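Visitor: Would you mind keeping the following structure in view while I ask a few things?
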Amino acid sequence: MEFLLQPLTLLTFFPLLGVLVLLFMSSEAKTAIRWVALVTSLLTFGVSLWVLSQFQASNPDLQLEAQYSWIPGLNIYYYLAVDGLSILLVLLTAFLTPISILSTWKAVEDRVKDFMIFFLLLEVGMMGVFLAQDLFMFYIFWEFTLVPMYFLIGIWGGPRRLYASIKFFLYTMAGSILMLIAILFLGVQTGTFNVPDMIAKLPALYSSGTISATTQMWLFIAFTAAFAIKVPMWPLHSWLPDAHVEAPTAGSVILAGVLLKMGTYGFLRFNIPLFPDATVAAAPWIALFATIGIIYGAAVSYAQADVKKLVAYSSVSHLGFVMLGMFALNAQGVSGAILQMINHGLSTGALFLLIGMVYEQTHTRDIKVYGGLWKVMPIFGTIMLIASLSSMGLPGLNGFVGEFTILLGAFGAGVDGVFKPMGGVWFAGISAVGVILAAVYILYMFQKMFLGPEGSIVEEVKQHGHALRDLNWREIVTVAPLLILMFWIGLYPAPFFNLIVPAIEKLIQALPL
Amino acid sequence: MTQLDFQTILPLTILTVWACVLLLVDLFIPKDRKGFTAFLSALGLAVTIAYTIMQIGKENTGYNNMVVVDGFSTFINLLLLVSGLFGIALAYGYIKRMGLERGEYYILMLFSIIGMMLMAQAADLIIVFLALELLSIPLYVLAAFARPNLQSEEAGVKYFLLGAFSTGFVVYGTALVYGATGTTSLSGIFAAASNGTPSLLLTIGAAMLLVGFGFKVAAVPFHMWTPDVYQGSPSAVTAFMSSGAKIAGFAALLRVFATAFPSISADITNILWVLAALTMIVGNVTAISQTNIKRMLAYSSIAHAGYILMAFVPYGNKEVMSVSIAAGLFYLVSYAVTNFGAWSVVIALEKAEGKGLEISDFAGLAKKYPALAVAMTIFMLSFVGLPPTLGLVGKFYLFRAVIAGGFTGLALIGVVTSLVSAYYYLRVIVNMYMREGDPTVERETWLDFTIVMTAIVTVALSFVPQWLFLMASTAVLKLF
């Protein structure tokens, strides 16, 4: 019993209770199934708030640990714990899941039971990824998230869903198998898979030359392969637009909101503390790719005719900022990166939700057939404007705080930090242009769809007998929590920073800077 | 013959006597009641399992070091006997439905299992040869059991011809080894080979043996018979053959090389490295283009032979050998369980005249038979090595052993080919869940039982693998 009542064990596996209930329900009782899934995910969110209440913000170490020996022969542990690096992501996961489920209320009519089961399983996997502190366990959860997401895209996706789902699966798996080799190598060298133990043992191995600097770099690269594909960093991003466009709305929200963060989180949790020397050496290179990603993502976004694809490419650009901040390797950069992970989850999540809502009525995502929607759907237009402005980083909203802190960190690193040997302040300088480009593509999209003369789609929908309607209460309730957080983080981000800063300072101090 | 001698082969004796008696008893069982023979055969296996369990922890040699009992043989024997039970459960409804129900089916299986068990216990090359013949000949007959079905006859003849050919290699290798060392006993060979420089004759002899075993476990480039035989044989036979014969082949390979030939490991390790790499690559890459599920599983079984072979590569390195043997055994268990599960789903969908065996015949399975589709998904994920299945734990353990042995490059080939394999295993899932179709399925109690059991074991053991780890790591080989 003690095992099950650990707050983090409960948080990770709570959705399984919902799965268990769903298994015994008739697949005809669709509304009941939806309610069970929603209530389960809301309760999971409740558990996450309980975890937050137990969390000590001033403590930089792992907390609320649940640690048991699992496979003693190989020193593999069942080990869940949370610290400042993961607490916000855990909350984000628990927060976005019920919202996504709510968004499927009308959108998913086919095989609702299977959908909800996969969705709750996905939540288990994501929680596990953010909480596991044993590399074996982490790898299990990491790979496990692939399976439900694969089904979500492959069964409930758009017309090219088979292609997109297999591409998503194989692409992501290609990275993680390289990580597997590195994990095993580390496990053999250190004799354990427990991450804190490993971090404690590795410096001796590095200084004695048992693991040479070259090997360390290869290990770093192997982990990077897994995480960079997930983020996705340019030029490993090509699975993302396909997966996003074909995924059902809820899948896109979770994909953008949480799954991509698994990649950035992986860098933070594993790459930086496990391979400190390689991290410092590789930082400017990562920053280079991040900067290219920022500009490239923004430019390609602008060229899209499909609004979902536009938002998908904007993710490449936004996550470039996250990577840039993280590998500035100073407190500002990293804290900005973590906050920007949350921001991106909120704003891109909101954009995908809103696009999904209008798509349910029009069944097209082609930007050029839209126009003048604000007149027809004023509430929708207002909310969309807020989400867009948040995504492009307008002061007063969340995106600004994250991007500003990141750029501050990147400038700092360029003046007298890790970027000094290569790139210098150029990374920050060029990336700042990315902020402007974001305004260009986001406003372009908004202008085409919501302003100007009425688009052809308005008339077309009318011909099918029912005019475009504005958002209903369920839809407003679905996006409202996201909007509240956008303003909250934008106007008063201090409580969020307070949660993460002590852990970040500990992380940075351990680096050979 | 002392009592101690007899104790080493007690389970074998029980099963042999039982099988012989059954041959007679079967004559008096009426044609429409052959299920009774199945029951009696299973009973014999169960009794043998009980006696084998009593051997756990014992170490003995008997008959002038010809036969041995140790943790390794006991582990393998238990695995073989349980495979036998699964094999009977699968065949029970299937051969009835396909009109093949003849009592000797089960009895042939028993004889084959006896050969396999003897193989695991053999401590002399003559016994290895004897066991090889004893396990193979019933399998040749079983492969052609669906006579006068042409495909099945072809499978039987092909298997027989190539099998006989490969046995020739084993005999020839034995002769050369005898020429080099003056003995066929594994301990004698070890003693003779470790004095002085190993002769070329010995290395060639060992390589010949490797070829012979390579045929049995379907390692590339000795795999050519596998797809045709696996496809042509009745599915229940293939399920049994692809697990049992492989387990026995690996048992012999491991025992012979680890105990008799560590002195020439420098050469053999290189050969094994190449064999393992080739097997993984060819098996997985060729599987991609298959449209028939039996053929696909045949190539997948070749590929898995490659993974298991990886565990043998560092066999001359005493420090990591016990770990890699344990990893190999663990992987064998995970493969056997998954393999039986996958084949039983295939059997559930198979119709008479070889219909229902295309991968496209799985289309729409998830809608009509969700439980069956979930089970098949579990088996496919386990083959790829994805959570939450035993296959992942097995691969993790195996690759770890390979890296500990210093063969990171081989492990890299292993993971990359796993990625390749994901593509064709996923295709089955794609068909089941993402395409429309109207499959029909045979529901048979024992078949359902096998599917449910293997699926549960595949998932549950991945959460609590400790005891299997423990068992595998205590299943050590008795070295000289």
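Each chain in the structure tokens gets a letter, A, B and so on, in the order shown; residues start at 1 in every chain, and ligands are counted from 1 in the order they appear.
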Residues of chain A were defined as contacting chain B if any atom lay at most 6 Å from it, counting only C-alpha atoms; please report them as a PyMOL selection string.
Guide: chain A and resi 71+140+144+155+177+184+188
Visitor: Residues within 6 Å of region 290-305 of chain B, please, as a tab-separated table (two decimals) with C-alpha atoms, in the first residue's frame. Count only C-alpha atoms; anything in the same chain fewer than 5 positions from it doesn't count.
Guide:
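The result, written out as around-v7.tsv:
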chain	number	residue	atom	x	y	z
B	218	ALA	CA	18.48	-20.75	-39.02
B	227	PRO	CA	10.99	-19.56	-45.18
B	230	TYR	CA	8.00	-22.55	-42.11
B	231	GLN	CA	5.46	-21.57	-44.71
B	279	THR	CA	21.61	-12.89	-39.60
B	280	MET	CA	20.13	-9.76	-38.10
B	283	GLY	CA	16.51	-11.57	-41.63
B	284	ASN	CA	15.09	-8.15	-40.93
B	357	LEU	CA	-2.46	-16.14	-44.21
B	358	GLU	CA	-1.80	-12.86	-46.00
B	359	ILE	CA	-0.95	-9.90	-43.82
Visitor: Compare A:Trp374, A:Trp239, A:Trp218, A:Tyr302 by their minimum atom-to-atom distance to Val458 (chain A), counting only C-alpha atoms, and give me the closest one.
Guide: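 For Val458 (chain A), the nearest of the given residues is A:Trp374.
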Visitor: Pick out the residues sitting within 10 Å of Val253 (chain A), and hand them over as a list of chain:residue names; count only C-alpha atoms, and ignore anything fewer than 3 positions along from it in its own chain.
Guide: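 Near Val253 (chain A), the qualifying residues are A:Leu96, A:Thr97, A:Ile99, A:Ser100, A:Ser103, A:His244, A:Ala247, A:Pro248, A:Thr249, A:Ala250, A:Ala256, A:Gly257, A:Val258, A:Leu259, A:Gly345, A:Leu346, A:Ser347, A:Thr348, A:Gly349, A:Ala350, A:Leu351, A:Phe352, A:Leu353, A:Gly356.
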Visitor: Can you work out the spacing between CA of Val459 (chain B) and CA of Gly391 (chain B) in Å, to one decimal?
Guide: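 Going from CA of Val459 (chain B) over to CA of Gly391 (chain B), I get 9.2 Å.
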Visitor: Considering only C-alpha atoms, return as a list in words whatever protein or nucleic-acid residues lie within 7 Å of region 159-173 of chain A, sequence-local ones (same chain, fewer than 5 positions apart) excluded.
Guide: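 Skipping anything fewer than 5 positions along the chain leaves Leu146, Tyr150, Ile153, Gly154, Ile229, Lys230, Trp239, Asp242, Ala243 and Glu246 of chain A; Leu419 of chain B.
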